[in-house]
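Participant: I'm passing along work.txt; it holds compact mmCIF, C-alpha atoms.
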```txt
# COMPACT_ATOMS: atom_id res chain seq x y z
CA MET A 79 -51.44 28.05 -28.04
CA ASN A 80 -48.45 30.08 -29.15
CA ALA A 81 -45.95 29.28 -26.48
CA VAL A 82 -43.38 26.74 -27.42
CA GLU A 83 -41.80 24.60 -24.74
CA ASN A 84 -38.12 25.27 -24.32
CA ALA A 85 -35.58 23.20 -22.48
CA SER A 86 -36.25 22.97 -18.72
CA PRO A 87 -35.05 25.93 -16.69
CA ALA A 88 -32.12 25.31 -14.38
CA LYS A 89 -33.30 23.59 -11.22
CA PRO A 90 -32.17 24.73 -7.77
CA LEU A 91 -29.80 22.44 -5.89
CA ASN A 92 -31.85 19.65 -4.36
CA PRO A 93 -30.83 18.97 -0.72
CA LYS A 94 -32.38 15.49 -0.92
CA ALA A 95 -30.14 14.66 -3.88
CA LEU A 96 -27.09 15.92 -1.99
CA VAL A 97 -27.95 13.74 1.03
CA ARG A 98 -28.44 10.74 -1.28
CA LEU A 99 -25.10 11.48 -2.93
CA LEU A 100 -23.38 11.63 0.45
CA LEU A 101 -25.03 8.41 1.64
CA GLY A 102 -24.08 6.77 -1.65
CA ALA A 103 -20.46 7.81 -1.22
CA VAL A 104 -20.34 6.43 2.33
CA ALA A 105 -22.05 3.18 1.26
CA GLY A 106 -19.68 2.89 -1.71
CA ALA A 107 -16.62 3.34 0.48
CA ALA A 108 -17.94 0.75 2.96
CA PHE A 109 -18.72 -1.70 0.14
CA GLY A 110 -15.25 -1.23 -1.36
CA TYR A 111 -13.70 -1.82 2.08
CA ILE A 112 -15.66 -5.06 2.49
CA VAL A 113 -14.62 -6.34 -0.96
CA VAL A 114 -10.94 -5.60 -0.33
CA LYS A 115 -11.16 -7.25 3.12
CA LEU A 116 -12.69 -10.29 1.42
CA ALA A 117 -9.85 -10.34 -1.12
CA LEU A 118 -7.30 -10.19 1.69
CA GLY A 119 -9.10 -13.07 3.38
CA LEU A 120 -8.66 -15.10 0.19
CA HIS A 121 -4.89 -14.40 0.27
CA VAL A 122 -5.03 -12.05 -2.70
CA PRO A 123 -1.81 -9.99 -2.71
CA VAL A 124 -3.74 -6.72 -2.80
CA LYS A 125 -0.71 -4.56 -2.00
CA THR A 126 1.35 -5.94 -4.90
CA LEU A 127 -1.37 -6.16 -7.54
CA ALA A 128 -0.63 -4.88 -11.05
CA TRP A 129 -2.35 -1.63 -12.05
CA SER A 130 -4.80 -3.48 -14.30
CA ASP A 131 -5.74 -5.84 -11.44
CA LEU A 132 -6.41 -2.84 -9.20
CA LEU A 133 -8.47 -1.32 -12.01
CA ALA A 134 -10.38 -4.60 -12.34
CA LEU A 135 -10.99 -4.57 -8.57
CA TRP A 136 -12.39 -1.05 -8.87
CA LEU A 137 -14.52 -2.01 -11.88
CA GLY A 138 -15.83 -5.05 -10.05
CA ILE A 139 -16.73 -3.00 -6.99
CA VAL A 140 -18.47 -0.33 -9.08
CA PHE A 141 -20.44 -2.78 -11.24
CA LEU A 142 -21.42 -5.03 -8.35
CA GLY A 143 -22.25 -2.08 -6.09
CA VAL A 144 -24.45 -0.34 -8.66
CA GLY A 145 -26.06 -3.66 -9.55
CA LEU A 146 -26.93 -4.27 -5.91
CA ILE A 147 -28.33 -0.76 -5.51
CA LEU A 148 -30.55 -1.20 -8.59
CA GLY A 149 -31.58 -4.62 -7.28
CA VAL A 150 -32.68 -3.09 -3.96
CA ILE A 151 -34.53 -0.26 -5.73
CA SER A 152 -36.32 -2.79 -7.95
CA THR A 153 -37.96 -4.40 -4.91
CA SER A 154 -40.38 -1.46 -4.69
CA ARG A 155 -42.50 -0.25 -7.60
CA LYS A 156 -42.82 3.15 -5.94
CA ARG A 157 -39.05 3.50 -5.58
CA VAL A 158 -38.49 2.52 -9.22
CA ALA A 159 -41.06 5.11 -10.33
CA GLN A 160 -39.41 7.80 -8.18
CA THR A 161 -36.00 6.94 -9.58
CA LEU A 162 -37.34 7.21 -13.12
CA GLU A 163 -39.58 10.24 -12.74
CA GLY A 164 -38.54 11.98 -9.54
CA ASP A 165 -41.01 13.22 -6.95
CA GLU A 166 -43.55 14.02 -9.71
CA ALA A 167 -44.21 10.31 -10.21
CA THR A 168 -47.93 9.63 -9.77
CA LEU A 169 -47.98 6.04 -10.99
CA PRO A 170 -46.03 3.13 -9.52
CA ALA A 171 -43.59 1.47 -11.89
CA THR A 172 -45.07 -0.94 -14.41
CA THR A 173 -44.09 -4.60 -14.46
CA GLY A 174 -42.01 -3.88 -17.57
CA GLU A 175 -40.11 -1.10 -15.78
CA VAL A 176 -39.41 -3.32 -12.78
CA ILE A 177 -38.22 -6.18 -15.01
CA ALA A 178 -35.99 -3.76 -16.93
CA TYR A 179 -34.50 -2.57 -13.63
CA ARG A 180 -33.89 -6.13 -12.44
CA LEU A 181 -32.28 -7.12 -15.73
CA GLN A 182 -30.02 -4.09 -15.55
CA ALA A 183 -29.17 -4.92 -11.94
CA ALA A 184 -28.39 -8.53 -12.88
CA SER A 185 -26.25 -7.52 -15.85
CA LEU A 186 -24.20 -5.10 -13.77
CA ALA A 187 -23.82 -7.45 -10.82
CA LEU A 188 -22.68 -10.26 -13.15
CA ALA A 189 -20.16 -7.90 -14.78
CA GLY A 190 -18.86 -7.04 -11.32
CA ILE A 191 -18.48 -10.68 -10.30
CA MET A 192 -16.73 -11.49 -13.60
CA PHE A 193 -14.17 -8.75 -13.03
CA LEU A 194 -13.64 -9.70 -9.39
CA ALA A 195 -13.38 -13.47 -9.93
CA PRO A 196 -9.93 -13.58 -11.60
CA ILE A 197 -8.55 -11.23 -8.94
CA PHE A 198 -10.07 -13.17 -6.06
CA ALA A 199 -8.64 -16.38 -7.55
CA LEU A 200 -5.11 -14.97 -7.68
CA GLY A 201 -4.38 -16.21 -4.18
CA SER A 202 -5.38 -19.80 -4.96
CA ILE A 203 -4.43 -20.60 -8.57
CA SER A 204 -0.67 -20.86 -8.14
CA GLY A 205 0.14 -24.56 -8.66
CA HIS A 206 -3.57 -25.41 -8.91
CA PRO A 207 -4.61 -25.32 -12.59
CA ALA A 208 -7.89 -27.04 -11.69
CA VAL A 209 -8.87 -23.99 -9.65
CA ALA A 210 -8.06 -21.69 -12.60
CA ASN A 211 -10.11 -23.93 -14.90
CA GLY A 212 -13.02 -23.93 -12.47
CA VAL A 213 -12.96 -20.16 -12.14
CA PHE A 214 -12.79 -19.74 -15.91
CA PHE A 215 -15.74 -22.07 -16.53
CA GLY A 216 -17.67 -20.19 -13.86
CA ILE A 217 -16.91 -16.94 -15.68
CA LEU A 218 -18.03 -18.52 -18.97
CA ALA A 219 -21.37 -19.48 -17.40
CA LEU A 220 -21.84 -15.98 -15.96
CA PHE A 221 -20.91 -14.47 -19.32
CA ALA A 222 -23.60 -16.56 -21.04
CA LEU A 223 -26.17 -15.43 -18.44
CA GLN A 224 -25.14 -11.80 -18.82
CA THR A 225 -25.39 -12.01 -22.60
CA VAL A 226 -28.98 -13.24 -22.28
CA ALA A 227 -29.75 -10.38 -19.85
CA ASN A 228 -28.16 -7.82 -22.18
CA ILE A 229 -30.13 -9.09 -25.19
CA GLN A 230 -33.33 -8.88 -23.14
CA ILE A 231 -32.46 -5.34 -22.05
CA TRP A 232 -31.86 -4.31 -25.67
CA ARG A 233 -35.07 -5.96 -26.90
CA SER A 234 -37.19 -4.27 -24.24
CA SER A 235 -35.55 -0.85 -24.65
CA ASP A 236 -37.28 2.02 -26.38
CA GLU A 237 -35.64 4.29 -28.95
CA PHE A 238 -34.24 6.68 -26.32
CA ALA A 239 -32.52 3.93 -24.31
CA ARG A 240 -31.13 2.40 -27.51
CA LYS A 241 -29.83 5.78 -28.65
CA MET A 242 -28.11 6.23 -25.28
CA THR A 243 -26.53 2.78 -25.53
CA ILE A 244 -25.33 3.44 -29.08
CA ASN A 245 -23.93 6.84 -28.07
CA VAL A 246 -22.02 5.32 -25.14
CA CYS A 247 -20.62 2.60 -27.41
CA ALA A 248 -19.63 5.17 -30.05
CA VAL A 249 -17.86 7.42 -27.53
CA THR A 250 -16.13 4.44 -25.90
CA PHE A 251 -14.96 3.11 -29.28
CA ALA A 252 -13.78 6.49 -30.52
CA LEU A 253 -11.72 7.20 -27.39
CA SER A 254 -10.40 3.66 -26.95
CA GLN A 255 -9.39 3.00 -30.54
CA GLY A 256 -7.52 6.29 -30.71
CA ALA A 257 -5.64 5.65 -27.49
CA LEU A 258 -5.02 2.01 -28.37
CA PHE A 259 -3.69 2.89 -31.80
CA LEU A 260 -1.26 5.45 -30.40
CA TRP A 261 -0.09 2.98 -27.73
CA ALA A 262 0.25 0.17 -30.29
CA ALA A 263 2.32 2.40 -32.59
CA ALA A 264 4.57 3.39 -29.68
CA GLU A 265 4.84 -0.26 -28.66
CA ARG A 266 5.78 -1.30 -32.20
CA LEU A 267 8.52 1.34 -32.16
CA HIS A 268 9.78 -0.04 -28.82
CA LEU A 269 8.86 3.20 -27.14
CA ALA A 270 6.23 1.75 -24.80
CA PRO A 271 5.83 -1.55 -22.95
CA ALA A 272 3.42 -4.18 -24.28
CA LEU A 273 -0.11 -4.30 -22.88
CA SER A 274 -1.87 -7.56 -22.03
CA SER A 275 -5.47 -8.29 -23.04
CA TRP A 276 -6.36 -7.91 -19.33
CA ASP A 277 -4.80 -4.43 -19.31
CA ILE A 278 -6.78 -3.49 -22.42
CA ILE A 279 -10.18 -4.78 -21.23
CA THR A 280 -9.87 -3.03 -17.87
CA LEU A 281 -8.98 0.23 -19.63
CA LEU A 282 -11.80 -0.23 -22.14
CA MET A 283 -14.39 -0.83 -19.42
CA SER A 284 -13.09 2.14 -17.42
CA VAL A 285 -13.61 4.36 -20.46
CA TYR A 286 -17.08 2.79 -20.81
CA ILE A 287 -17.97 3.66 -17.19
CA VAL A 288 -16.81 7.25 -17.64
CA ALA A 289 -18.70 7.57 -20.96
CA THR A 290 -21.87 6.10 -19.42
CA SER A 291 -21.65 8.42 -16.41
CA VAL A 292 -21.03 11.56 -18.46
CA LEU A 293 -23.79 10.83 -21.00
CA SER A 294 -26.24 9.82 -18.27
CA ILE A 295 -25.61 13.05 -16.38
CA ARG A 296 -26.02 15.07 -19.59
CA HIS A 297 -29.37 13.40 -20.29
CA ALA A 298 -30.50 13.32 -16.67
CA ARG A 299 -33.73 14.92 -15.53
CA MET B 209 -35.95 20.97 -32.12
CA LYS B 210 -38.39 22.62 -29.73
CA ASN B 211 -41.71 21.07 -28.85
CA LYS B 212 -44.91 21.63 -26.89
CA LEU B 213 -45.11 18.20 -25.32
CA ARG B 214 -44.86 19.42 -21.73
CA ILE B 215 -47.66 21.95 -22.32
CA LEU B 216 -49.89 19.37 -24.01
CA ARG B 217 -49.26 16.91 -21.20
CA ALA B 218 -50.00 19.57 -18.57
CA GLU B 219 -53.29 20.42 -20.32
CA ARG B 220 -54.40 16.84 -19.76
CA ALA B 221 -52.97 16.76 -16.22
CA TRP B 222 -50.91 13.71 -17.10
CA SER B 223 -47.67 12.79 -15.38
CA GLN B 224 -44.71 11.75 -17.49
CA GLY B 225 -45.46 8.18 -16.43
CA GLU B 226 -49.03 8.41 -17.73
CA LEU B 227 -47.90 9.90 -21.04
CA SER B 228 -45.22 7.24 -21.38
CA LEU B 229 -47.92 4.56 -21.01
CA HIS B 230 -50.01 6.19 -23.75
CA LEU B 231 -47.00 6.35 -26.07
CA GLY B 232 -45.45 3.00 -25.21
CA VAL B 233 -42.05 4.49 -24.36
CA SER B 234 -40.14 4.96 -21.11
CA ARG B 235 -40.58 7.88 -18.72
CA GLN B 236 -36.99 8.83 -19.43
CA ALA B 237 -37.83 9.10 -23.13
CA VAL B 238 -40.76 11.43 -22.39
CA ASN B 239 -38.59 13.54 -20.11
CA ALA B 240 -35.76 13.67 -22.68
CA ILE B 241 -38.15 14.79 -25.42
CA GLU B 242 -39.76 17.43 -23.21
CA THR B 243 -36.41 18.88 -22.21
CA GLY B 244 -35.12 18.87 -25.77
CA LYS B 245 -32.43 16.27 -25.06
CA HIS B 246 -33.87 13.76 -27.50
CA ASP B 247 -35.55 14.28 -30.86
CA PRO B 248 -38.10 11.50 -31.30
CA SER B 249 -38.07 9.25 -34.34
CA LEU B 250 -40.55 10.02 -37.09
CA GLU B 251 -42.67 7.10 -35.94
CA LEU B 252 -42.81 8.32 -32.35
CA ALA B 253 -43.50 11.88 -33.50
CA PHE B 254 -46.49 10.57 -35.47
CA ARG B 255 -47.67 8.61 -32.43
CA ILE B 256 -47.47 11.78 -30.31
CA ALA B 257 -49.37 13.75 -32.96
CA GLN B 258 -52.00 11.04 -33.16
CA LEU B 259 -52.39 10.94 -29.37
CA PHE B 260 -52.94 14.68 -29.09
CA GLN B 261 -54.86 14.83 -32.38
CA LEU B 262 -52.69 17.62 -33.72
CA PRO B 263 -50.52 17.95 -36.81
CA ILE B 264 -46.86 17.19 -36.11
CA GLU B 265 -45.80 20.74 -36.95
CA GLN B 266 -48.06 22.09 -34.22
CA ILE B 267 -46.19 20.01 -31.64
CA PHE B 268 -42.64 20.10 -32.97
CA LEU B 269 -41.02 23.27 -34.19
CA PHE B 270 -38.07 22.87 -36.51
CA GLU B 271 -35.54 25.64 -36.11
CA LYS B 272 -32.43 26.03 -38.22
CA ASN B 273 -29.32 26.39 -36.06
```
Just give me the structure as structure tokens.

Facilitator:
Amino acid sequence: MNAVENASPAKPLNPKALVRLLLGAVAGAAFGYIVVKLALGLHVPVKTLAWSDLLALWLGIVFLGVGLILGVISTSRKRVAQTLEGDEATLPATTGEVIAYRLQAASLALAGIMFLAPIFALGSISGHPAVANGVFFGILALFALQTVANIQIWRSSDEFARKMTINVCAVTFALSQGALFLWAAAERLHLAPALSSWDIITLLMSVYIVATSVLSIRHAR
Amino acid sequence: MKNKLRILRAERAWSQGELSLHLGVSRQAVNAIETGKHDPSLELAFRIAQLFQLPIEQIFLFEKN
């Protein structure tokens, strides 16, 4: 055999993928609408939220939404296999693949809830420190659960998934530390306003989402 | 690095899922190797060579630049 396999040739635009994309966009918009309605119901001052709170709301919606989608997909071995391998999939997903999907779904959903919780509590913590304490301890418990899920995900990952994770972390760190350093220098020189830790974490996670999306698309089928 | 993994898999009429089971890696890893988006570790390259009973250099072609 002399032929050497090259990179895959460019694939034609898949109408099924376009339909899925459109449905995803509609579902995402509907989900975002429901979350904001829920926040309004909890007396969250959505219209006067700081930019980092709005960013946290967006992060929460994205993480929770994607987590729910993965959770739904993980209910069917066939669907998991199709998501992983496309229409060429001949075998249903293995138990390991389904567990990996569920762990990923849980990790993302927990991240979403943790970002939404402080925002949703905004309408009820004023003058009620017990509520703030309760929300914080709830977040601590979710954080512990998510850490366990993330460790499990890492331990069950193969070399490709680990490389992807490391690449995303490297890109996120490189971009964030550069931007943070420049902002910190400007802040020290009284040229820029101070950022809170909430501002920084929402920015960091936004960079993380963008880095994950870009690298996933680049390595997609 | 180019490789002949897709051809070797096709010769055995395996899906990516079936090959991933033989190699103990994910389907995404198999797909990424086949499309040249991921160079496997030395250990995985040896496992692939062992599976297809071929020397590594007959599966993976190192090209400068």

Participant: Counting only C-alpha atoms, which residues of chain B sit at most 7 Å from some atom of chain A, and what is each one's closest atom pair with its distance in Å to one decimal, listed by chain and rising residue number, as CSV?

Facilitator:
```
residue,atom,partner,partner_atom,distance
B:Lys210,CA,A:Asn84,CA,6.0
B:Asn211,CA,A:Glu83,CA,5.4
B:Lys212,CA,A:Glu83,CA,4.8
B:Arg214,CA,A:Glu83,CA,6.7
B:Ile215,CA,A:Glu83,CA,6.9
B:Ser223,CA,A:Thr168,CA,6.4
B:Gly225,CA,A:Leu169,CA,6.4
B:Val233,CA,A:Asp236,CA,5.7
B:Ser234,CA,A:Asp236,CA,6.7
B:Arg235,CA,A:Leu162,CA,6.5
B:Gln236,CA,A:Leu162,CA,6.5
B:Ala237,CA,A:Phe238,CA,5.4
B:Asn239,CA,A:Arg299,CA,6.8
B:Ala240,CA,A:His297,CA,6.8
B:Thr243,CA,A:Ala85,CA,4.4
B:Gly244,CA,A:Ala85,CA,5.5
B:Lys245,CA,A:His297,CA,6.4
```

Participant: Atom CA of Tyr179 of chain A and atom CA of Lys156 of chain A, how far apart in Å?

Facilitator: 12.7 Å

Participant: Using 8 Å of padding on each side, determine the axis-aligned box around all atoms of segment 246-250 of chain B present in the file and give its centre and edge lengths in Å to one decimal, as JSON.

Facilitator:
```
{"center_x": -37.2, "center_y": 11.8, "center_z": -32.3, "size_x": 22.7, "size_y": 21.0, "size_z": 25.6}
```

Participant: Rounded to one decimal, what separation in Å do you get between atom CA of Met283 of chain A and atom CA of Leu118 of chain A?

Facilitator: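 So the two atoms, atom CA of Met283 of chain A and atom CA of Leu118 of chain A, lie 24.2 Å apart.
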
Participant: Find the distance between atom CA of Gly106 of chain A and atom CA of Val249 of chain A and write it in Å to one decimal.

Facilitator: 26.3 Å

Participant: Can you pull out every residue within 12 Å of Ile256 of chain B, counting all atoms listed in the file, but drop anything in the same chain fewer than 2 positions away, and send it as a ChimeraX atom specification?

Facilitator: /B:211-214,216-217,227-233,238,241-242,248-254,258-268

Participant: Please produce an output containing C-alpha atoms for each residue in the selection, written as a PDB file, keeping the file's coordinate frame.

Facilitator:
```pdb
ATOM      1  CA  ASN B 211     -41.710  21.070 -28.850  1.00  0.00           C
ATOM      2  CA  LYS B 212     -44.910  21.630 -26.890  1.00  0.00           C
ATOM      3  CA  LEU B 213     -45.110  18.200 -25.320  1.00  0.00           C
ATOM      4  CA  ARG B 214     -44.860  19.420 -21.730  1.00  0.00           C
ATOM      5  CA  LEU B 216     -49.890  19.370 -24.010  1.00  0.00           C
ATOM      6  CA  ARG B 217     -49.260  16.910 -21.200  1.00  0.00           C
ATOM      7  CA  LEU B 227     -47.900   9.900 -21.040  1.00  0.00           C
ATOM      8  CA  SER B 228     -45.220   7.240 -21.380  1.00  0.00           C
ATOM      9  CA  LEU B 229     -47.920   4.560 -21.010  1.00  0.00           C
ATOM     10  CA  HIS B 230     -50.010   6.190 -23.750  1.00  0.00           C
ATOM     11  CA  LEU B 231     -47.000   6.350 -26.070  1.00  0.00           C
ATOM     12  CA  GLY B 232     -45.450   3.000 -25.210  1.00  0.00           C
ATOM     13  CA  VAL B 233     -42.050   4.490 -24.360  1.00  0.00           C
ATOM     14  CA  VAL B 238     -40.760  11.430 -22.390  1.00  0.00           C
ATOM     15  CA  ILE B 241     -38.150  14.790 -25.420  1.00  0.00           C
ATOM     16  CA  GLU B 242     -39.760  17.430 -23.210  1.00  0.00           C
ATOM     17  CA  PRO B 248     -38.100  11.500 -31.300  1.00  0.00           C
ATOM     18  CA  SER B 249     -38.070   9.250 -34.340  1.00  0.00           C
ATOM     19  CA  LEU B 250     -40.550  10.020 -37.090  1.00  0.00           C
ATOM     20  CA  GLU B 251     -42.670   7.100 -35.940  1.00  0.00           C
ATOM     21  CA  LEU B 252     -42.810   8.320 -32.350  1.00  0.00           C
ATOM     22  CA  ALA B 253     -43.500  11.880 -33.500  1.00  0.00           C
ATOM     23  CA  PHE B 254     -46.490  10.570 -35.470  1.00  0.00           C
ATOM     24  CA  GLN B 258     -52.000  11.040 -33.160  1.00  0.00           C
ATOM     25  CA  LEU B 259     -52.390  10.940 -29.370  1.00  0.00           C
ATOM     26  CA  PHE B 260     -52.940  14.680 -29.090  1.00  0.00           C
ATOM     27  CA  GLN B 261     -54.860  14.830 -32.380  1.00  0.00           C
ATOM     28  CA  LEU B 262     -52.690  17.620 -33.720  1.00  0.00           C
ATOM     29  CA  PRO B 263     -50.520  17.950 -36.810  1.00  0.00           C
ATOM     30  CA  ILE B 264     -46.860  17.190 -36.110  1.00  0.00           C
ATOM     31  CA  GLU B 265     -45.800  20.740 -36.950  1.00  0.00           C
ATOM     32  CA  GLN B 266     -48.060  22.090 -34.220  1.00  0.00           C
ATOM     33  CA  ILE B 267     -46.190  20.010 -31.640  1.00  0.00           C
ATOM     34  CA  PHE B 268     -42.640  20.100 -32.970  1.00  0.00           C
TER      35      PHE B 268
END
```

Participant: Considering only C-alpha atoms, return as a PyMOL selection string whatever protein or nucleic-acid residues lie within 9 Å of segment 286-294 of chain A, sequence-local ones (same chain, fewer than 6 positions apart) excluded.

Facilitator: chain A and resi 137+242-243+245-247+249-251

Participant: Hey, what's within 10 Å of Ser152 of chain A if we count all atoms listed in the file and toss same-chain stuff fewer than 5 positions away? As a ChimeraX atom specification, please?

Facilitator: /A:146-147,157-159,161,171,175-183

Participant: For segment 263-276 of chain A, find every residue with an atom within 7 Å (counting all atoms listed in the file), except residues of its own chain fewer than 4 positions away, and show them as a PyMOL selection string.

Facilitator: chain A and resi 130+259+280

Participant: Write the selection just made, keeping C-alpha atoms, as a PDB file, keeping the file's coordinate frame?

Facilitator:
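Wrote result_31.pdb, looks like this:
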```pdb
ATOM      1  CA  SER A 130      -4.800  -3.480 -14.300  1.00  0.00           C
ATOM      2  CA  PHE A 259      -3.690   2.890 -31.800  1.00  0.00           C
ATOM      3  CA  THR A 280      -9.870  -3.030 -17.870  1.00  0.00           C
TER       4      THR A 280
END
```

Participant: Output: segment 241-269 of chain B of the preceding structure, restricted to N, CA and C atoms, written as an mmCIF file, in the first residue's frame.

Facilitator:
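Once everything was written out, this is part.cif:
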```cif
data_model
loop_
_atom_site.group_PDB
_atom_site.id
_atom_site.type_symbol
_atom_site.label_atom_id
_atom_site.label_comp_id
_atom_site.auth_asym_id
_atom_site.auth_seq_id
_atom_site.Cartn_x
_atom_site.Cartn_y
_atom_site.Cartn_z
ATOM 1 N N ILE B 241 -6.816 11.482 15.023
ATOM 2 C CA ILE B 241 -5.573 10.921 14.463
ATOM 3 C C ILE B 241 -5.729 10.741 12.956
ATOM 4 N N GLU B 242 -6.870 10.182 12.555
ATOM 5 C CA GLU B 242 -7.093 9.937 11.116
ATOM 6 C C GLU B 242 -7.050 11.221 10.302
ATOM 7 N N THR B 243 -7.574 12.289 10.870
ATOM 8 C CA THR B 243 -7.639 13.543 10.113
ATOM 9 C C THR B 243 -6.393 14.405 10.325
ATOM 10 N N GLY B 244 -5.424 13.875 11.027
ATOM 11 C CA GLY B 244 -4.164 14.588 11.221
ATOM 12 C C GLY B 244 -4.240 15.725 12.216
ATOM 13 N N LYS B 245 -5.311 15.733 13.040
ATOM 14 C CA LYS B 245 -5.449 16.818 14.018
ATOM 15 C C LYS B 245 -4.796 16.464 15.343
ATOM 16 N N HIS B 246 -4.401 15.225 15.493
ATOM 17 C CA HIS B 246 -3.741 14.806 16.734
ATOM 18 C C HIS B 246 -2.672 13.771 16.411
ATOM 19 N N ASP B 247 -1.454 14.030 16.866
ATOM 20 C CA ASP B 247 -0.392 13.033 16.741
ATOM 21 C C ASP B 247 -0.426 12.169 17.991
ATOM 22 N N PRO B 248 -0.587 10.865 17.829
ATOM 23 C CA PRO B 248 -0.699 10.017 19.024
ATOM 24 C C PRO B 248 0.605 9.962 19.804
ATOM 25 N N SER B 249 0.487 9.641 21.082
ATOM 26 C CA SER B 249 1.684 9.456 21.902
ATOM 27 C C SER B 249 2.446 8.244 21.374
ATOM 28 N N LEU B 250 3.679 8.114 21.804
ATOM 29 C CA LEU B 250 4.493 6.978 21.373
ATOM 30 C C LEU B 250 3.818 5.672 21.783
ATOM 31 N N GLU B 251 3.251 5.667 22.988
ATOM 32 C CA GLU B 251 2.607 4.455 23.491
ATOM 33 C C GLU B 251 1.406 4.064 22.601
ATOM 34 N N LEU B 252 0.596 5.060 22.265
ATOM 35 C CA LEU B 252 -0.570 4.764 21.430
ATOM 36 C C LEU B 252 -0.142 4.357 20.024
ATOM 37 N N ALA B 253 0.910 4.995 19.523
ATOM 38 C CA ALA B 253 1.420 4.634 18.189
ATOM 39 C C ALA B 253 1.869 3.167 18.186
ATOM 40 N N PHE B 254 2.523 2.746 19.266
ATOM 41 C CA PHE B 254 2.942 1.338 19.363
ATOM 42 C C PHE B 254 1.728 0.414 19.440
ATOM 43 N N ARG B 255 0.687 0.854 20.174
ATOM 44 C CA ARG B 255 -0.516 0.031 20.280
ATOM 45 C C ARG B 255 -1.174 -0.134 18.906
ATOM 46 N N ILE B 256 -1.190 0.964 18.141
ATOM 47 C CA ILE B 256 -1.773 0.918 16.786
ATOM 48 C C ILE B 256 -0.962 -0.038 15.910
ATOM 49 N N ALA B 257 0.369 0.089 15.999
ATOM 50 C CA ALA B 257 1.243 -0.770 15.197
ATOM 51 C C ALA B 257 1.044 -2.237 15.563
ATOM 52 N N GLN B 258 0.912 -2.479 16.864
ATOM 53 C CA GLN B 258 0.709 -3.845 17.343
ATOM 54 C C GLN B 258 -0.622 -4.408 16.822
ATOM 55 N N LEU B 259 -1.654 -3.563 16.875
ATOM 56 C CA LEU B 259 -2.985 -3.997 16.449
ATOM 57 C C LEU B 259 -2.990 -4.403 14.975
ATOM 58 N N PHE B 260 -2.347 -3.586 14.148
ATOM 59 C CA PHE B 260 -2.338 -3.867 12.715
ATOM 60 C C PHE B 260 -1.148 -4.729 12.287
ATOM 61 N N GLN B 261 -0.325 -5.104 13.252
ATOM 62 C CA GLN B 261 0.848 -5.946 13.016
ATOM 63 C C GLN B 261 1.729 -5.385 11.897
ATOM 64 N N LEU B 262 2.013 -4.099 12.048
ATOM 65 C CA LEU B 262 2.876 -3.414 11.080
ATOM 66 C C LEU B 262 3.896 -2.575 11.849
ATOM 67 N N PRO B 263 5.065 -2.340 11.250
ATOM 68 C CA PRO B 263 6.001 -1.425 11.906
ATOM 69 C C PRO B 263 5.406 -0.010 11.945
ATOM 70 N N ILE B 264 5.759 0.738 12.975
ATOM 71 C CA ILE B 264 5.200 2.093 13.137
ATOM 72 C C ILE B 264 5.414 2.938 11.877
ATOM 73 N N GLU B 265 6.602 2.818 11.298
ATOM 74 C CA GLU B 265 6.920 3.695 10.155
ATOM 75 C C GLU B 265 6.116 3.334 8.902
ATOM 76 N N GLN B 266 5.451 2.201 8.935
ATOM 77 C CA GLN B 266 4.564 1.889 7.797
ATOM 78 C C GLN B 266 3.166 2.458 8.012
ATOM 79 N N ILE B 267 2.900 2.910 9.210
ATOM 80 C CA ILE B 267 1.591 3.522 9.497
ATOM 81 C C ILE B 267 1.711 5.039 9.575
ATOM 82 N N PHE B 268 2.759 5.491 10.223
ATOM 83 C CA PHE B 268 2.966 6.942 10.393
ATOM 84 C C PHE B 268 4.143 7.394 9.544
ATOM 85 N N LEU B 269 3.921 8.482 8.838
ATOM 86 C CA LEU B 269 4.967 9.005 7.962
ATOM 87 C C LEU B 269 5.409 10.367 8.488
#
```
